[in-house]
Amino acid sequence: MNGQALKVVGFGFRSGASLASLAGLLDTLTQRFGAIDALAATQSMCPLVQSLGQTRCLNVILVADVHLPSVTTFTQSAQSLQARGTGSVAEAVALLAAGPGAELLGPRHISADRQATAAIAIGTSL
């Protein structure tokens with residue numbers, strides 16, 4: 001996909017989040033923004049996102065947790081800032097995975113059970 005725009009959904013979630021929480025968010029973002037090219041997660045949150053990627057036949061891009069504080073996000077959650085050094089894990093992961101110059105298509109979305117968040121970025125990296 002060199003040089004082509006791609007849409008990456010980044011996830012952040014609590015330890016109690018379920019695959020259904022993430023799947024619901026992905027469905028919402030797909031309905032709003034169209035086809036998604038890849039999913040993204042931090043290395044520490046990989047297993048659940050990998051499971052979703054496998055069920056939806058989507059690649060998962062892993063982002064090092066250490067890079068999260070380097071990203072400016074729309075959302076500024078005090079809890080996320082304290083725990084992970086970024087205002088939104090989902091937004092930071094989406095931006096990092098989508099590559100240099102990536103842009104968020106909006107702030108994060110929160111799952112119905114409030115256990116997970118997801119954000120979508122558009123970029124040119126995969």
# chains A, B, ... in the order shown; residues from 1 in each chain; ligands from 1

$ select_by_dssp --residues "stretch 5-92 of chain A" --states "strand (DSSP E)" --output "PyMOL selection string"
chain A and resi 6-13+38-42+59-63

$ residues_around --residues "A:Ala23" --least-positions-apart "3" --cutoff "10 Å" --atoms "only C-alpha atoms" --output "count of residues only"
13

$ select_by_dssp --residues "chain A" --states "alpha helix (DSSP H)" --output "number ranges by chain"
A: 19-33, 46-56, 78-84, 89-98

$ write_last_selection --atoms "N, CA and C atoms" --output "compact mmCIF listing (two decimals), in the first residue's frame"
# COMPACT_ATOMS: atom_id res chain seq x y z
N LEU A 19 -13.88 -9.15 23.67
CA LEU A 19 -13.81 -9.09 22.21
C LEU A 19 -15.04 -8.39 21.65
N ALA A 20 -16.19 -8.59 22.29
CA ALA A 20 -17.43 -7.94 21.85
C ALA A 20 -17.33 -6.42 21.97
N SER A 21 -16.67 -5.93 23.01
CA SER A 21 -16.48 -4.48 23.17
C SER A 21 -15.73 -3.91 21.99
N LEU A 22 -14.64 -4.56 21.60
CA LEU A 22 -13.82 -4.09 20.49
C LEU A 22 -14.55 -4.25 19.16
N ALA A 23 -15.24 -5.37 18.98
CA ALA A 23 -15.97 -5.62 17.74
C ALA A 23 -17.06 -4.58 17.53
N GLY A 24 -17.75 -4.20 18.59
CA GLY A 24 -18.79 -3.18 18.49
C GLY A 24 -18.22 -1.84 18.05
N LEU A 25 -17.07 -1.49 18.60
CA LEU A 25 -16.41 -0.24 18.19
C LEU A 25 -15.99 -0.30 16.72
N LEU A 26 -15.42 -1.42 16.31
CA LEU A 26 -15.00 -1.57 14.92
C LEU A 26 -16.19 -1.45 13.98
N ASP A 27 -17.31 -2.07 14.35
CA ASP A 27 -18.53 -1.97 13.54
C ASP A 27 -18.98 -0.51 13.41
N THR A 28 -18.96 0.23 14.52
CA THR A 28 -19.36 1.63 14.51
C THR A 28 -18.47 2.46 13.59
N LEU A 29 -17.16 2.25 13.71
CA LEU A 29 -16.22 3.02 12.88
C LEU A 29 -16.32 2.64 11.40
N THR A 30 -16.55 1.37 11.12
CA THR A 30 -16.72 0.93 9.73
C THR A 30 -17.98 1.54 9.12
N GLN A 31 -19.06 1.59 9.88
CA GLN A 31 -20.29 2.19 9.38
C GLN A 31 -20.10 3.67 9.10
N ARG A 32 -19.33 4.33 9.94
CA ARG A 32 -19.15 5.78 9.80
C ARG A 32 -18.12 6.16 8.74
N PHE A 33 -17.01 5.39 8.65
CA PHE A 33 -15.89 5.79 7.80
C PHE A 33 -15.59 4.84 6.64
N CYS A 46 -1.90 -6.49 22.80
CA CYS A 46 -1.96 -7.20 21.53
C CYS A 46 -2.94 -8.38 21.46
N PRO A 47 -2.98 -9.30 22.43
CA PRO A 47 -3.77 -10.52 22.23
C PRO A 47 -5.23 -10.32 21.86
N LEU A 48 -5.92 -9.41 22.53
CA LEU A 48 -7.34 -9.21 22.25
C LEU A 48 -7.54 -8.61 20.85
N VAL A 49 -6.69 -7.66 20.49
CA VAL A 49 -6.80 -7.04 19.16
C VAL A 49 -6.41 -8.04 18.07
N GLN A 50 -5.42 -8.89 18.34
CA GLN A 50 -5.06 -9.95 17.38
C GLN A 50 -6.26 -10.87 17.14
N SER A 51 -6.99 -11.20 18.18
CA SER A 51 -8.18 -12.05 18.03
C SER A 51 -9.21 -11.38 17.13
N LEU A 52 -9.43 -10.10 17.33
CA LEU A 52 -10.38 -9.37 16.49
C LEU A 52 -9.88 -9.32 15.04
N GLY A 53 -8.59 -9.07 14.87
CA GLY A 53 -8.02 -9.05 13.53
C GLY A 53 -8.21 -10.37 12.81
N GLN A 54 -8.02 -11.47 13.52
CA GLN A 54 -8.19 -12.79 12.92
C GLN A 54 -9.64 -13.03 12.51
N THR A 55 -10.59 -12.61 13.36
CA THR A 55 -11.99 -12.84 13.02
C THR A 55 -12.45 -11.96 11.87
N ARG A 56 -11.82 -10.80 11.68
CA ARG A 56 -12.21 -9.88 10.61
C ARG A 56 -11.25 -9.87 9.43
N ALA A 78 -7.35 12.33 32.00
CA ALA A 78 -6.41 12.37 33.13
C ALA A 78 -5.96 10.97 33.51
N GLN A 79 -6.87 10.01 33.47
CA GLN A 79 -6.55 8.63 33.81
C GLN A 79 -5.54 8.04 32.82
N SER A 80 -5.75 8.29 31.55
CA SER A 80 -4.84 7.78 30.52
C SER A 80 -3.48 8.46 30.61
N LEU A 81 -3.49 9.77 30.86
CA LEU A 81 -2.23 10.49 31.00
C LEU A 81 -1.39 9.93 32.14
N GLN A 82 -2.04 9.64 33.25
CA GLN A 82 -1.32 9.11 34.41
C GLN A 82 -0.83 7.69 34.16
N ALA A 83 -1.67 6.85 33.59
CA ALA A 83 -1.33 5.44 33.41
C ALA A 83 -0.40 5.19 32.23
N ARG A 84 -0.57 5.94 31.12
CA ARG A 84 0.14 5.62 29.88
C ARG A 84 0.92 6.77 29.27
N VAL A 89 -5.02 6.40 24.58
CA VAL A 89 -4.25 5.30 24.02
C VAL A 89 -4.75 4.98 22.61
N ALA A 90 -6.06 4.92 22.43
CA ALA A 90 -6.62 4.58 21.12
C ALA A 90 -6.18 5.57 20.05
N GLU A 91 -6.24 6.86 20.36
CA GLU A 91 -5.86 7.88 19.38
C GLU A 91 -4.36 7.82 19.09
N ALA A 92 -3.55 7.68 20.14
CA ALA A 92 -2.09 7.62 19.95
C ALA A 92 -1.69 6.40 19.13
N VAL A 93 -2.28 5.25 19.43
CA VAL A 93 -1.97 4.02 18.70
C VAL A 93 -2.35 4.15 17.23
N ALA A 94 -3.53 4.68 16.96
CA ALA A 94 -3.97 4.86 15.57
C ALA A 94 -3.00 5.75 14.81
N LEU A 95 -2.60 6.86 15.41
CA LEU A 95 -1.67 7.77 14.74
C LEU A 95 -0.31 7.14 14.51
N LEU A 96 0.23 6.49 15.52
CA LEU A 96 1.54 5.85 15.38
C LEU A 96 1.52 4.76 14.31
N ALA A 97 0.47 3.96 14.30
CA ALA A 97 0.39 2.85 13.34
C ALA A 97 0.18 3.34 11.91
N ALA A 98 -0.52 4.46 11.75
CA ALA A 98 -0.80 4.97 10.41
C ALA A 98 0.40 5.68 9.79

$ residues_around --residues "A:Ser15" --least-positions-apart "4" --cutoff "10 Å" --atoms "only C-alpha atoms" --output "list in words"
Met45, Leu48, Gln115 and Ala116 of chain A

$ write_last_selection --atoms "all heavy atoms" --output "tab-separated table (two decimals), in the first residue's frame"
chain	number	residue	atom	x	y	z
A	45	MET	N	-1.23	-4.74	24.73
A	45	MET	CA	-2.66	-4.99	24.52
A	45	MET	C	-2.93	-5.87	23.30
A	45	MET	O	-4.05	-5.98	22.83
A	45	MET	CB	-3.40	-3.66	24.35
A	45	MET	CG	-3.37	-2.78	25.55
A	45	MET	SD	-4.23	-1.23	25.21
A	45	MET	CE	-4.53	-0.63	26.86
A	48	LEU	N	-5.92	-9.41	22.53
A	48	LEU	CA	-7.34	-9.21	22.25
A	48	LEU	C	-7.54	-8.61	20.85
A	48	LEU	O	-8.43	-9.01	20.11
A	48	LEU	CB	-7.97	-8.32	23.32
A	48	LEU	CG	-9.49	-8.26	23.36
A	48	LEU	CD1	-10.10	-9.66	23.53
A	48	LEU	CD2	-9.95	-7.35	24.49
A	115	GLN	N	-15.59	-0.09	28.52
A	115	GLN	CA	-14.37	-0.84	28.80
A	115	GLN	C	-13.29	-0.64	27.74
A	115	GLN	O	-12.15	-1.00	27.93
A	115	GLN	CB	-14.67	-2.33	28.93
A	115	GLN	CG	-15.54	-2.70	30.10
A	115	GLN	CD	-14.88	-2.34	31.43
A	115	GLN	OE1	-13.80	-2.80	31.74
A	115	GLN	NE2	-15.54	-1.49	32.19
A	116	ALA	N	-13.68	-0.07	26.58
A	116	ALA	CA	-12.74	0.06	25.46
A	116	ALA	C	-12.98	1.36	24.70
A	116	ALA	O	-14.07	1.92	24.74
A	116	ALA	CB	-12.91	-1.13	24.51

$ atom_distance --atom1 "atom CA of A:Ala119" --atom2 "atom CA of A:Leu68"
14.1 Å

$ residues_around --residues "A:Ala38" --least-positions-apart "6" --cutoff "6 Å" --atoms "only C-alpha atoms" --output "ChimeraX atom specification"
/A:8,58-60

$ closest_residue --among "A:Gln43, A:Ser88, A:Arg114, A:Leu105" --to "A:Gly12" --atoms "only C-alpha atoms"
A:Ser88

$ atom_distance --atom1 "atom CA of A:Leu104" --atom2 "atom CA of A:Ala17"
23.2 Å

$ residues_around --residues "A:Leu62" --least-positions-apart "6" --cutoff "6 Å" --atoms "only C-alpha atoms" --output "PyMOL selection string"
chain A and resi 40-43

$ write_last_selection --atoms "C-alpha atoms" --output "PDB file, in the first residue's frame"
ATOM      1  CA  ALA A  40      -3.512  -1.348  15.827  1.00  0.00           C
ATOM      2  CA  ALA A  41      -2.642  -1.923  19.475  1.00  0.00           C
ATOM      3  CA  THR A  42       0.218  -1.512  21.870  1.00  0.00           C
ATOM      4  CA  GLN A  43       2.373  -4.550  22.419  1.00  0.00           C
TER       5      GLN A  43
END

$ closest_residue --among "A:Gly99, A:Val71, A:Asp65, A:Ile120" --to "A:Ser44" --atoms "only C-alpha atoms"
A:Asp65
